[in-house]
Structures are given as C-alpha cells and as structure tokens.
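Q: One structure is given below, represented as structure tokens, and several questions about it will come after.
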Amino acid sequence: AQNRLLIKNGKVVNEDDIVEEDVYIEDGIIKQLGRNLIIPGGTRVIDARGKLVIPGGIDPHTHFEFEFMNTTSVDDFYQGTKAAVAGGTTMIIDFVLVKKGESLLDSYYSYRQKADEKVCCDYALHVIISYWNDKVFDEMSILCSEHGVNSFKTFMAYSFMLNDSELYSAFEACKKLGAVAMVHAENGSIVFKNTEKLLAKGVTGPEGHELSRPEEVEAEAVNRACTIANQVDCPLYIVHVMSKSATIALAQARSRGVRVIGETLAAALGTDGSHCKNTCFQHSAGHVLSPPLRSDPMTPQYLMNSLAQNDLQLTGSDNCTFNKSQKEMGLNDFSKIPNGVNGVEDRMSVIWEKGVHSGLIDACRFVAITSTTAAKIFNLYPRKGCIALGSDADIVIWNPNKTRTISAKTHHQAVDFNIFEGMECHGVPEYVIVNGRVCVDDEQVKVVQGHGNYIECPVFPPFVYDIENASKLKPSDNGDANWVTQPTQKENDRKVC
Ligand code: DUC
Ligand code: ZN
Ligand code: ZN
Ligand code: ZN
C-alpha cells in the first residue's frame, strides 16, 4: 500500500499549537487526524514517538539553473529539489529569469520545461520584472490569470535594476492584479560607484564585496521600496533582509502601517561576513552573495531575535550555487565573483539550531518562519503550510535529539562548497513525506525525479466588502486586506461600517 500511511504517537506541530495525535494519509492527502483512528489493513505505520510531526518546509527563494553573472548556478531542478527534500523542505518557489526586453511568458514556459520533469517536490514560480513597458503589464496579467503566478520580483541593483518610476509602475501593476510585489533592496547606483572606486584603489579581493555594498546601502533601498509600495497601496515582500540597518528600516515602515513582509536567509543566520576576509580565495569567494553577509558579528543573532519578535516574518535560502571554478571568475575582481551560496538543504537544521535549540523560539514559531507564513503569503494556505484535514501530505518527522554535522562531503547538492561546513546542528529530518510518498526514510534519501508538481498560486481578489457574506469569508477571499501582517486601520474601518 504505497499510497496509505499512518504516522503514530508523534507531536503534531502547527504554527498555533502542538497536539499529540496520529496522522493518516491516503493518496497524498491528510485524511484523518486523532487518536485510535480506524485504518484499512496493509497501511504502512511509522512510529514518531518522541519526535515532532511538522509541515514540510517551504523555501520561497531558490535560483536553480540560474543564468547569472555570465554563468549558470550548478544546482539544477533535480539536484536542488533533491537537496531540499533531504533537508526537510517539501516545496520551493524559484524565480523565472526574464532577460531585459524578453517576453515574460516565453521565459516562464522555458522554466516550466526545465523544471517539470526534474523536480522531486512541488514547486511554484515567481517571475522577475527586469524592464518596464505596457506589454509587461499584459504579460503579468496572463501569468496571473492563466498560469498561477501571483508574485513578481523586481531588483534595485544589478544591470537589470528598475528606477523608482519603473518600480512604481511594477508595484501598481501588482496591486491591480492582486499579486505580491517582491524586491531585492540595494541601491544599485551606489554599488556601481563604490565598486569603481574600490577597484581603482586596488581593492580587488572578496573583502571588497561588502565594502562596495554596506548596510546603509541596503537600508536606504528598503526604506525607498516601502515608500513606493505604500504610495500605490501594494503589499510588499522584501527578499533577503541581511543586516541590522535594513531590519530597522523595515520594522519602522511596518510601525507606520506599511504592509511589508521581510524574509531573511539561512545564510545570514548560520554564518557571517568574517569568512569573506579569509586569505583563501576559494573560502572567501564561496561566501559572496548579495546583499552580503555582514562583518558586524552581532548580525546573525540580531536577525534571529527579529524573527522571534516578528520584526522579520519568514526565511528562505536564496540557494544560488556556484562551484569553486566558477567563483574563480572573480579572482582579480570581486565584482565578477558570481553571487550566491547554498542553503536549500540546510535551512531547516540551521534555523532549528540557532532558533529553537538555542531557546530563542519555540517549535510553533519554527513552523511559522519555515513554512506556514510562506504558504499564507503566496495564497497556498491551508493546502500547504499546515497539518490539517485535506491538506497536502507534505510532512517531516523531525528528531530534535539527533545531531548532524554539515559538510560539502555529505550534502546532496551539486555544488562543491558549503558555507555551513563543520556546523553541528541538533534537529534531523528522519522521515520526509512529499505528496504522501516517503522520500526520506529513516534518514535514507529516496527521492523520485519528476514526483513534484507545478503548483498554481491564485492571485488575491481585490478587497470587496460584502455584508451578506462577511462572516463566511475565509482569509484568502479577502484579498490583500488579509495579508498576514496586521490589517491597517483603514481596512478595519471598512469592515465595521
Ligand atoms: N543575490 C545573490 O547572491 N544571488 C542571486 C541573486 C541575488 O540577488
Ligand atoms: Zn536578490
Ligand atoms: Zn579554503
Ligand atoms: Zn535571490
């Protein structure tokens, strides 16, 4: 009975509570929850006594087979999703690269073609907006209505950055469509100027990377993106918040009532910028991503505290991996080191170690920041992100008492380097169930290429107040007014009058 499974005696953790109950799965769906369930004969039983039964991780930020900085990231949709599953992540959301001037739809189709046959777990796609004109809006609209894309990412840095007026138009388009606007927040013009100056002075090594893009360059962009989004009343998702300054800018915007969500990375929580000053080029270049890991040694702790206090809301990996030989493209010029690090496999363990094992957050908050919040933001809840009747059977049996040591020698990624090398983590995914199939079985990885599905993310319908049906509205029916951050005063007023 491949398609029937009973998980017994575990503690089921959702973002809002922990219940001792059994979970019965049939054909990839959670069909029963409780004690003393009546189960058909021949059902496989897994004993989860002493362990936690948690929703599979959702990594909302990966770049598999990403064509970037004159090369392509080495973890493809097979190796990348295999590594994800090995680490307890059962869904990823990747970014469709749209080159300047090229069709969003064609780029989307080519990603589907690359990914569909390779993915070992479910996946969805964000689409990058790298230029602006009216045709872009038309294509966004088709992606939303016909292809289940409900999120678009813009960049404020790199050669394909948008200026403020283009950002305004892109955010306004997202608002109109009920889509989520995402932004990579760094002031690209300042980064270009600083880079020129540093190289001219002879600062060419990886240590120049953070010097060219310091914290305030990130914080300024966060503040500016929040301002622009707020002008068009568009909910905003800031990807990879990497510094204390940027977190403060974000928290201040939220306290003013701006509807903005902040994501931070496993990389930023589990390591730091001191590695970029290592005299070994392979080592230092291996830690280069943008925005950079910070040299302020308090940063990882600060970001974890911010997740605990809900000044940051969720975590991703930004997995965008390059081998040592690719990183060597920047041997004589730090600005040519392909930007990106691993994290898709180790995110869950790193956050468990730094967050739960250290006593800063509880298991419920762990589930929220690794899974539930992402499901809600991208309108996939309660199908994903929780253990509930009718939800997809994407489940991890997590053993908090076991430890493992992270190493490039044993990881499942294609890349030949690991930024968490040598880190000992409590918290091991002993069983990982993907769409009802046991894909990590007593720590043995048994993924199936092509087992994952493309998941359509529905847009949020525009907020409409309906007095007759108000009490029946589910969160997702209420459009971006029910964005997981607190509703603004204006929306509360609309509901009561
Ligand atoms: N930053 C990275 O480090 N890699 C991929 C893209 C990005 O913004
Ligand atoms: Zn980015
Ligand atoms: Zn080295
Ligand atoms: Zn990214």
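So you can find residues: chains in the structure tokens are A, B, ... in the order shown, residues in each start at 1, and ligands are numbered from 1 in order.
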Let me have all residues with an atom within 9 Å of ligand 2, counting only C-alpha atoms and all ligand atoms, laid out as an MDAnalysis selection string.

A: chainID A and resid 61 153:155 157 183:186 239:240 289:291 318

Q: Which residues are close to His126 (chain A), i.e. within 6 Å by only C-alpha atoms, leaving aside same-chain residues fewer than 2 positions away? Reply as a PyMOL selection string.

A: chain A and resi 95+151-152

Q: Do a neighbour search on Asn379 (chain A) at 8 Å with only C-alpha atoms, toss out local chain neighbours closer than 2 positions, and write the hits as a PyMOL selection string.

A: chain A and resi 375-377+381+457-460+476

Q: Generate the output file for the selected residues, all heavy atoms, as a PDB file, in the first residue's frame.

A:
```
ATOM      1  N   ALA A 375       3.325  29.912   2.956  1.00  0.00           N
ATOM      2  CA  ALA A 375       2.084  29.394   2.358  1.00  0.00           C
ATOM      3  C   ALA A 375       1.000  30.463   2.346  1.00  0.00           C
ATOM      4  O   ALA A 375       0.259  30.620   1.371  1.00  0.00           O
ATOM      5  CB  ALA A 375       1.607  28.154   3.118  1.00  0.00           C
ATOM      6  N   LYS A 376       0.917  31.227   3.434  1.00  0.00           N
ATOM      7  CA  LYS A 376      -0.117  32.270   3.516  1.00  0.00           C
ATOM      8  C   LYS A 376       0.171  33.404   2.534  1.00  0.00           C
ATOM      9  O   LYS A 376      -0.725  33.872   1.829  1.00  0.00           O
ATOM     10  CB  LYS A 376      -0.195  32.819   4.941  1.00  0.00           C
ATOM     11  CG  LYS A 376      -0.837  31.837   5.914  1.00  0.00           C
ATOM     12  CD  LYS A 376      -0.941  32.444   7.302  1.00  0.00           C
ATOM     13  CE  LYS A 376      -1.730  31.509   8.218  1.00  0.00           C
ATOM     14  NZ  LYS A 376      -1.756  32.014   9.604  1.00  0.00           N
ATOM     15  N   ILE A 377       1.404  33.843   2.490  1.00  0.00           N
ATOM     16  CA  ILE A 377       1.746  34.983   1.633  1.00  0.00           C
ATOM     17  C   ILE A 377       1.466  34.659   0.166  1.00  0.00           C
ATOM     18  O   ILE A 377       0.979  35.508  -0.576  1.00  0.00           O
ATOM     19  CB  ILE A 377       3.224  35.381   1.825  1.00  0.00           C
ATOM     20  CG1 ILE A 377       3.409  35.989   3.206  1.00  0.00           C
ATOM     21  CG2 ILE A 377       3.681  36.352   0.741  1.00  0.00           C
ATOM     22  CD1 ILE A 377       4.844  36.254   3.569  1.00  0.00           C
ATOM     23  N   TYR A 381      -2.223  28.517   1.520  1.00  0.00           N
ATOM     24  CA  TYR A 381      -2.701  28.029   2.808  1.00  0.00           C
ATOM     25  C   TYR A 381      -4.205  27.825   2.731  1.00  0.00           C
ATOM     26  O   TYR A 381      -4.876  28.666   2.131  1.00  0.00           O
ATOM     27  CB  TYR A 381      -2.347  29.063   3.877  1.00  0.00           C
ATOM     28  CG  TYR A 381      -2.651  28.664   5.290  1.00  0.00           C
ATOM     29  CD1 TYR A 381      -1.759  27.901   6.028  1.00  0.00           C
ATOM     30  CD2 TYR A 381      -3.852  29.062   5.883  1.00  0.00           C
ATOM     31  CE1 TYR A 381      -2.039  27.548   7.338  1.00  0.00           C
ATOM     32  CE2 TYR A 381      -4.127  28.702   7.197  1.00  0.00           C
ATOM     33  CZ  TYR A 381      -3.222  27.952   7.915  1.00  0.00           C
ATOM     34  OH  TYR A 381      -3.514  27.610   9.204  1.00  0.00           O
ATOM     35  N   CYS A 457      -0.439  29.334  -7.906  1.00  0.00           N
ATOM     36  CA  CYS A 457      -0.731  30.218  -6.774  1.00  0.00           C
ATOM     37  C   CYS A 457      -1.793  31.221  -7.222  1.00  0.00           C
ATOM     38  O   CYS A 457      -1.524  32.064  -8.081  1.00  0.00           O
ATOM     39  CB  CYS A 457       0.521  30.972  -6.339  1.00  0.00           C
ATOM     40  SG  CYS A 457       1.886  29.910  -5.866  1.00  0.00           S
ATOM     41  N   PRO A 458      -3.003  31.140  -6.660  1.00  0.00           N
ATOM     42  CA  PRO A 458      -4.042  32.068  -7.096  1.00  0.00           C
ATOM     43  C   PRO A 458      -3.771  33.506  -6.635  1.00  0.00           C
ATOM     44  O   PRO A 458      -3.213  33.703  -5.553  1.00  0.00           O
ATOM     45  CB  PRO A 458      -5.318  31.530  -6.449  1.00  0.00           C
ATOM     46  CG  PRO A 458      -4.913  30.499  -5.467  1.00  0.00           C
ATOM     47  CD  PRO A 458      -3.458  30.179  -5.634  1.00  0.00           C
ATOM     48  N   VAL A 459      -4.141  34.481  -7.437  1.00  0.00           N
ATOM     49  CA  VAL A 459      -4.000  35.875  -7.005  1.00  0.00           C
ATOM     50  C   VAL A 459      -5.008  36.153  -5.896  1.00  0.00           C
ATOM     51  O   VAL A 459      -5.979  35.415  -5.714  1.00  0.00           O
ATOM     52  CB  VAL A 459      -4.234  36.890  -8.155  1.00  0.00           C
ATOM     53  CG1 VAL A 459      -3.103  36.827  -9.151  1.00  0.00           C
ATOM     54  CG2 VAL A 459      -5.587  36.702  -8.811  1.00  0.00           C
ATOM     55  N   PHE A 460      -4.745  37.225  -5.172  1.00  0.00           N
ATOM     56  CA  PHE A 460      -5.683  37.668  -4.148  1.00  0.00           C
ATOM     57  C   PHE A 460      -6.741  38.531  -4.817  1.00  0.00           C
ATOM     58  O   PHE A 460      -6.397  39.522  -5.465  1.00  0.00           O
ATOM     59  CB  PHE A 460      -4.960  38.489  -3.085  1.00  0.00           C
ATOM     60  CG  PHE A 460      -4.000  37.677  -2.262  1.00  0.00           C
ATOM     61  CD1 PHE A 460      -2.669  37.556  -2.641  1.00  0.00           C
ATOM     62  CD2 PHE A 460      -4.425  37.025  -1.118  1.00  0.00           C
ATOM     63  CE1 PHE A 460      -1.782  36.808  -1.872  1.00  0.00           C
ATOM     64  CE2 PHE A 460      -3.538  36.278  -0.356  1.00  0.00           C
ATOM     65  CZ  PHE A 460      -2.223  36.170  -0.737  1.00  0.00           C
ATOM     66  N   SER A 476      -8.271  33.920   2.491  1.00  0.00           N
ATOM     67  CA  SER A 476      -7.814  34.182   1.132  1.00  0.00           C
ATOM     68  C   SER A 476      -8.875  34.885   0.290  1.00  0.00           C
ATOM     69  O   SER A 476      -8.571  35.459  -0.738  1.00  0.00           O
ATOM     70  CB  SER A 476      -7.401  32.890   0.455  1.00  0.00           C
ATOM     71  OG  SER A 476      -8.493  32.009   0.428  1.00  0.00           O
TER      72      SER A 476
END
```

Q: Show which residues sit within 8 Å of Val232 (chain A), as a list in words. Count only C-alpha atoms, and ignore same-chain residues fewer than 5 positions away.

A: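 Once the nearby chain positions are removed, what remains is Tyr168, Phe171, Glu172 and Lys175 of chain A.
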
Q: Taking the chain letters and numbering used in this document, name the residues of region 91-289 of chain A that DSSP puts in strand (DSSP E), as a PyMOL selection string.

A: chain A and resi 91-96+122-128+151-155+180-184+236-238+260-265

Q: Could those selected residues go to a file with N, CA and C atoms, as a JSON list (two decimals), in the first residue's frame?

A:
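Output file result_25.json is given in full below:
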```json
[["chain", "number", "residue", "atom", "x", "y", "z"],
["A", 91, "MET", "N", 8.60, 21.99, -0.55],
["A", 91, "MET", "CA", 8.18, 22.84, -1.66],
["A", 91, "MET", "C", 9.17, 23.99, -1.79],
["A", 92, "ILE", "N", 9.47, 24.35, -3.03],
["A", 92, "ILE", "CA", 10.33, 25.51, -3.27],
["A", 92, "ILE", "C", 9.61, 26.46, -4.24],
["A", 93, "ILE", "N", 9.95, 27.73, -4.14],
["A", 93, "ILE", "CA", 9.47, 28.69, -5.15],
["A", 93, "ILE", "C", 10.70, 29.34, -5.76],
["A", 94, "ASP", "N", 10.84, 29.17, -7.07],
["A", 94, "ASP", "CA", 12.02, 29.63, -7.80],
["A", 94, "ASP", "C", 11.66, 30.91, -8.57],
["A", 95, "PHE", "N", 12.68, 31.55, -9.12],
["A", 95, "PHE", "CA", 12.49, 32.82, -9.83],
["A", 95, "PHE", "C", 12.73, 32.66, -11.32],
["A", 96, "VAL", "N", 11.73, 32.96, -12.13],
["A", 96, "VAL", "CA", 11.91, 32.93, -13.59],
["A", 96, "VAL", "C", 12.73, 34.15, -13.98],
["A", 122, "ASP", "N", 7.06, 19.55, -4.90],
["A", 122, "ASP", "CA", 6.23, 20.57, -5.54],
["A", 122, "ASP", "C", 7.01, 21.88, -5.66],
["A", 123, "TYR", "N", 6.64, 22.66, -6.66],
["A", 123, "TYR", "CA", 7.29, 23.96, -6.82],
["A", 123, "TYR", "C", 6.32, 24.95, -7.44],
["A", 124, "ALA", "N", 6.62, 26.23, -7.23],
["A", 124, "ALA", "CA", 5.89, 27.31, -7.88],
["A", 124, "ALA", "C", 6.92, 28.29, -8.41],
["A", 125, "LEU", "N", 6.47, 29.29, -9.13],
["A", 125, "LEU", "CA", 7.39, 30.25, -9.75],
["A", 125, "LEU", "C", 6.99, 31.70, -9.47],
["A", 126, "HIS", "N", 7.99, 32.50, -9.11],
["A", 126, "HIS", "CA", 7.87, 33.96, -9.16],
["A", 126, "HIS", "C", 8.45, 34.39, -10.51],
["A", 127, "VAL", "N", 8.01, 35.50, -11.05],
["A", 127, "VAL", "CA", 8.58, 35.98, -12.32],
["A", 127, "VAL", "C", 9.27, 37.32, -12.08],
["A", 128, "ILE", "N", 10.49, 37.44, -12.63],
["A", 128, "ILE", "CA", 11.29, 38.66, -12.44],
["A", 128, "ILE", "C", 10.89, 39.71, -13.47],
["A", 151, "SER", "N", 3.18, 36.34, -8.00],
["A", 151, "SER", "CA", 4.24, 37.14, -7.39],
["A", 151, "SER", "C", 5.27, 37.54, -8.44],
["A", 152, "PHE", "N", 5.76, 38.77, -8.32],
["A", 152, "PHE", "CA", 6.72, 39.32, -9.28],
["A", 152, "PHE", "C", 7.84, 39.99, -8.52],
["A", 153, "LYS", "N", 9.08, 39.69, -8.97],
["A", 153, "LYS", "CA", 10.23, 40.24, -8.26],
["A", 153, "LYS", "C", 10.92, 41.32, -9.07],
["A", 154, "THR", "N", 11.26, 42.40, -8.39],
["A", 154, "THR", "CA", 12.00, 43.50, -9.01],
["A", 154, "THR", "C", 13.35, 43.63, -8.32],
["A", 155, "PHE", "N", 14.29, 44.24, -9.01],
["A", 155, "PHE", "CA", 15.63, 44.46, -8.46],
["A", 155, "PHE", "C", 15.92, 45.96, -8.42],
["A", 180, "VAL", "N", 1.66, 39.61, -5.43],
["A", 180, "VAL", "CA", 2.61, 40.04, -4.42],
["A", 180, "VAL", "C", 3.81, 40.68, -5.11],
["A", 181, "ALA", "N", 4.15, 41.90, -4.73],
["A", 181, "ALA", "CA", 5.36, 42.55, -5.25],
["A", 181, "ALA", "C", 6.53, 42.15, -4.37],
["A", 182, "MET", "N", 7.62, 41.74, -5.00],
["A", 182, "MET", "CA", 8.83, 41.37, -4.25],
["A", 182, "MET", "C", 9.97, 42.27, -4.71],
["A", 183, "VAL", "N", 10.91, 42.54, -3.84],
["A", 183, "VAL", "CA", 12.00, 43.41, -4.24],
["A", 183, "VAL", "C", 13.34, 42.99, -3.62],
["A", 184, "HIS", "N", 14.37, 43.05, -4.45],
["A", 184, "HIS", "CA", 15.75, 42.94, -3.98],
["A", 184, "HIS", "C", 16.20, 44.37, -3.68],
["A", 236, "LEU", "N", 4.11, 44.51, 0.00],
["A", 236, "LEU", "CA", 5.48, 44.33, -0.50],
["A", 236, "LEU", "C", 6.21, 43.26, 0.30],
["A", 237, "TYR", "N", 7.00, 42.47, -0.41],
["A", 237, "TYR", "CA", 7.80, 41.41, 0.20],
["A", 237, "TYR", "C", 9.26, 41.73, -0.07],
["A", 238, "ILE", "N", 10.02, 42.00, 0.99],
["A", 238, "ILE", "CA", 11.45, 42.29, 0.83],
["A", 238, "ILE", "C", 12.23, 40.99, 0.95],
["A", 260, "VAL", "N", 4.32, 45.45, 4.70],
["A", 260, "VAL", "CA", 5.55, 44.91, 4.15],
["A", 260, "VAL", "C", 6.00, 43.72, 4.99],
["A", 261, "ILE", "N", 6.53, 42.73, 4.29],
["A", 261, "ILE", "CA", 6.98, 41.48, 4.90],
["A", 261, "ILE", "C", 8.49, 41.37, 4.66],
["A", 262, "GLY", "N", 9.23, 40.89, 5.65],
["A", 262, "GLY", "CA", 10.67, 40.72, 5.49],
["A", 262, "GLY", "C", 11.09, 39.26, 5.59],
["A", 263, "GLU", "N", 11.87, 38.85, 4.61],
["A", 263, "GLU", "CA", 12.44, 37.49, 4.58],
["A", 263, "GLU", "C", 13.93, 37.61, 4.91],
["A", 264, "THR", "N", 14.44, 36.72, 5.76],
["A", 264, "THR", "CA", 15.89, 36.63, 5.89],
["A", 264, "THR", "C", 16.33, 35.22, 5.50],
["A", 265, "LEU", "N", 17.64, 35.02, 5.45],
["A", 265, "LEU", "CA", 18.18, 33.79, 4.86],
["A", 265, "LEU", "C", 18.87, 32.91, 5.90]]
```

Q: Skip region 275-287 of chain A itself and residues of its chain fewer than 2 positions away, then list as a short mmCIF file (atom, residue, chain, number, x, y, z; two decimals) with N, CA and C atoms, in the first residue's frame all residues within 9 Å of it, counting only C-alpha atoms.

A:
```cif
data_model
loop_
_atom_site.label_atom_id
_atom_site.label_comp_id
_atom_site.auth_asym_id
_atom_site.auth_seq_id
_atom_site.Cartn_x
_atom_site.Cartn_y
_atom_site.Cartn_z
N GLY A 205 40.07 41.99 -4.04
CA GLY A 205 39.71 40.70 -3.43
C GLY A 205 38.29 40.67 -2.88
N PRO A 206 37.83 39.47 -2.45
CA PRO A 206 36.47 39.31 -1.93
C PRO A 206 36.12 40.25 -0.78
N GLU A 207 37.14 40.73 -0.06
CA GLU A 207 36.85 41.66 1.05
C GLU A 207 36.26 42.96 0.53
N GLY A 208 36.45 43.24 -0.77
CA GLY A 208 35.88 44.45 -1.35
C GLY A 208 34.37 44.37 -1.55
N HIS A 209 33.84 43.14 -1.55
CA HIS A 209 32.42 42.94 -1.85
C HIS A 209 31.52 43.68 -0.85
N GLU A 210 31.72 43.44 0.43
CA GLU A 210 30.87 44.13 1.41
C GLU A 210 31.16 45.63 1.45
N ALA A 267 21.58 31.57 5.36
CA ALA A 267 22.98 32.01 5.30
C ALA A 267 23.26 33.10 6.32
N THR A 271 25.92 31.86 9.35
CA THR A 271 27.33 32.20 9.17
C THR A 271 27.45 33.72 9.13
N ASP A 272 28.64 34.26 8.84
CA ASP A 272 28.77 35.72 8.84
C ASP A 272 29.88 36.19 7.90
N GLY A 273 30.00 37.50 7.80
CA GLY A 273 30.87 38.10 6.80
C GLY A 273 32.36 37.99 7.08
N LEU A 289 27.61 36.62 -1.58
CA LEU A 289 26.28 36.76 -2.15
C LEU A 289 25.86 38.21 -1.94
N PRO A 292 25.44 41.33 1.01
CA PRO A 292 26.49 40.50 1.60
C PRO A 292 26.18 40.03 3.01
N LEU A 293 26.87 38.93 3.40
CA LEU A 293 26.96 38.57 4.81
C LEU A 293 27.69 39.71 5.49
N SER A 295 29.91 41.96 8.24
CA SER A 295 31.08 41.77 9.10
C SER A 295 30.77 42.10 10.56
N THR A 321 23.93 28.46 -6.33
CA THR A 321 25.25 27.92 -6.02
C THR A 321 26.19 27.91 -7.22
N PHE A 322 27.45 28.22 -6.95
CA PHE A 322 28.49 28.20 -7.98
C PHE A 322 29.68 27.43 -7.43
N ASN A 323 30.25 26.59 -8.29
CA ASN A 323 31.43 25.83 -7.89
C ASN A 323 32.64 26.74 -7.74
N LYS A 324 33.66 26.18 -7.08
CA LYS A 324 34.89 26.95 -6.86
C LYS A 324 35.45 27.47 -8.19
N SER A 325 35.37 26.63 -9.22
CA SER A 325 35.91 27.04 -10.53
C SER A 325 35.13 28.23 -11.10
N LYS A 327 33.53 30.54 -9.17
CA LYS A 327 33.85 31.67 -8.30
C LYS A 327 35.18 32.30 -8.73
N GLU A 328 36.06 31.49 -9.36
CA GLU A 328 37.37 31.99 -9.81
C GLU A 328 37.27 33.04 -10.92
N GLY A 330 36.14 35.65 -10.54
CA GLY A 330 36.37 36.93 -9.84
C GLY A 330 37.70 36.99 -9.12
N LEU A 331 38.65 36.17 -9.54
CA LEU A 331 39.95 36.09 -8.87
C LEU A 331 40.63 37.46 -8.77
N PHE A 334 36.58 41.41 -7.45
CA PHE A 334 35.48 40.85 -6.63
C PHE A 334 34.12 41.02 -7.28
N ILE A 337 32.87 37.93 -9.11
CA ILE A 337 32.59 36.66 -8.41
C ILE A 337 31.09 36.39 -8.52
N PRO A 338 30.68 35.29 -9.15
CA PRO A 338 29.24 35.03 -9.21
C PRO A 338 28.63 35.03 -7.81
N ASN A 339 27.58 35.81 -7.64
CA ASN A 339 26.96 35.99 -6.32
C ASN A 339 26.04 34.82 -6.00
N GLY A 340 26.25 34.21 -4.86
CA GLY A 340 25.29 33.20 -4.44
C GLY A 340 25.91 32.12 -3.58
N VAL A 341 25.08 31.51 -2.73
CA VAL A 341 25.51 30.47 -1.78
C VAL A 341 24.44 29.37 -1.71
N PHE A 417 30.96 23.22 -2.43
CA PHE A 417 31.32 24.06 -1.27
C PHE A 417 30.08 24.19 -0.41
N ASN A 418 30.29 24.36 0.91
CA ASN A 418 29.15 24.58 1.80
C ASN A 418 29.52 25.66 2.82
N ILE A 419 28.74 26.73 2.85
CA ILE A 419 29.05 27.85 3.75
C ILE A 419 28.87 27.49 5.23
#
```

Q: For Leu5 (chain A), work out the shell of residues within 12 Å, counting only C-alpha atoms and skipping chain neighbours fewer than 4 positions away, then give it as a ChimeraX atom specification.

A: /A:1,22-32,39-47,393,395,433-438

Q: So how many Å separate CA of Ile387 (chain A) and CA of Ala84 (chain A), to one decimal?

A: 19.2 Å

Q: Can you pull out the residues contacting Val356 (chain A)? Cut-off 12 Å, using only C-alpha atoms, and skip same-chain residues under 6 positions away; I want them as a list in words.

A: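 Result of the neighbour search: Met304, Asn305, Leu307, Ala308, Met348, Ser349, Val350, Asp362, Ala363, Cys364, Arg365, Phe366, Val367, Ile369, Pro400, Asn401, Cys425, His426 and Gly427 of chain A.
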
Q: For N, CA, C and O atoms, I'd like the residues from the last selection saved as a tab-separated table (two decimals), in the first residue's frame.

A:
```tsv
chain	number	residue	atom	x	y	z
A	304	MET	N	18.01	36.68	14.11
A	304	MET	CA	17.20	35.63	14.76
A	304	MET	C	16.26	36.25	15.79
A	304	MET	O	15.09	35.87	15.88
A	305	ASN	N	16.76	37.21	16.55
A	305	ASN	CA	15.88	37.91	17.51
A	305	ASN	C	14.72	38.58	16.76
A	305	ASN	O	13.59	38.59	17.24
A	307	LEU	N	13.33	37.66	13.98
A	307	LEU	CA	12.35	36.63	13.61
A	307	LEU	C	11.50	36.26	14.82
A	307	LEU	O	10.29	36.07	14.71
A	308	ALA	N	12.13	36.18	15.97
A	308	ALA	CA	11.40	35.82	17.20
A	308	ALA	C	10.35	36.88	17.52
A	308	ALA	O	9.25	36.56	17.96
A	348	MET	N	16.51	24.30	7.29
A	348	MET	CA	15.70	23.85	8.43
A	348	MET	C	16.58	23.54	9.65
A	348	MET	O	16.28	23.97	10.76
A	349	SER	N	17.68	22.82	9.42
A	349	SER	CA	18.57	22.45	10.54
A	349	SER	C	19.24	23.67	11.14
A	349	SER	O	19.39	23.78	12.36
A	350	VAL	N	19.68	24.60	10.28
A	350	VAL	CA	20.36	25.80	10.78
A	350	VAL	C	19.41	26.63	11.65
A	350	VAL	O	19.77	27.11	12.73
A	362	ASP	N	10.07	28.88	19.86
A	362	ASP	CA	9.53	27.55	20.11
A	362	ASP	C	9.25	26.84	18.78
A	362	ASP	O	9.43	27.42	17.70
A	363	ALA	N	8.80	25.59	18.87
A	363	ALA	CA	8.59	24.80	17.66
A	363	ALA	C	7.49	25.40	16.78
A	363	ALA	O	7.56	25.31	15.55
A	364	CYS	N	6.49	26.03	17.40
A	364	CYS	CA	5.42	26.65	16.61
A	364	CYS	C	5.96	27.80	15.75
A	364	CYS	O	5.64	27.91	14.57
A	365	ARG	N	6.78	28.64	16.36
A	365	ARG	CA	7.35	29.76	15.60
A	365	ARG	C	8.28	29.23	14.50
A	365	ARG	O	8.35	29.78	13.40
A	366	PHE	N	8.98	28.13	14.80
A	366	PHE	CA	9.83	27.49	13.78
A	366	PHE	C	9.00	27.11	12.55
A	366	PHE	O	9.38	27.39	11.41
A	367	VAL	N	7.84	26.50	12.82
A	367	VAL	CA	6.96	26.10	11.71
A	367	VAL	C	6.48	27.33	10.94
A	367	VAL	O	6.44	27.35	9.71
A	369	ILE	N	7.97	30.30	10.56
A	369	ILE	CA	9.00	31.00	9.77
A	369	ILE	C	9.66	30.13	8.70
A	369	ILE	O	10.36	30.65	7.84
A	400	PRO	N	14.43	16.10	17.25
A	400	PRO	CA	15.20	17.22	17.82
A	400	PRO	C	16.39	16.74	18.65
A	400	PRO	O	17.23	17.56	19.02
A	401	ASN	N	16.46	15.45	18.91
A	401	ASN	CA	17.53	14.96	19.78
A	401	ASN	C	18.75	14.44	19.03
A	401	ASN	O	19.81	14.24	19.60
A	425	CYS	N	24.45	20.60	13.99
A	425	CYS	CA	23.06	21.00	14.20
A	425	CYS	C	22.29	19.92	14.92
A	425	CYS	O	22.34	18.75	14.54
A	426	HIS	N	21.55	20.31	15.95
A	426	HIS	CA	20.52	19.44	16.50
A	426	HIS	C	19.33	19.54	15.57
A	426	HIS	O	19.11	20.58	14.94
A	427	GLY	N	18.55	18.50	15.48
A	427	GLY	CA	17.37	18.57	14.62
A	427	GLY	C	17.66	17.94	13.28
A	427	GLY	O	18.36	18.49	12.44
```
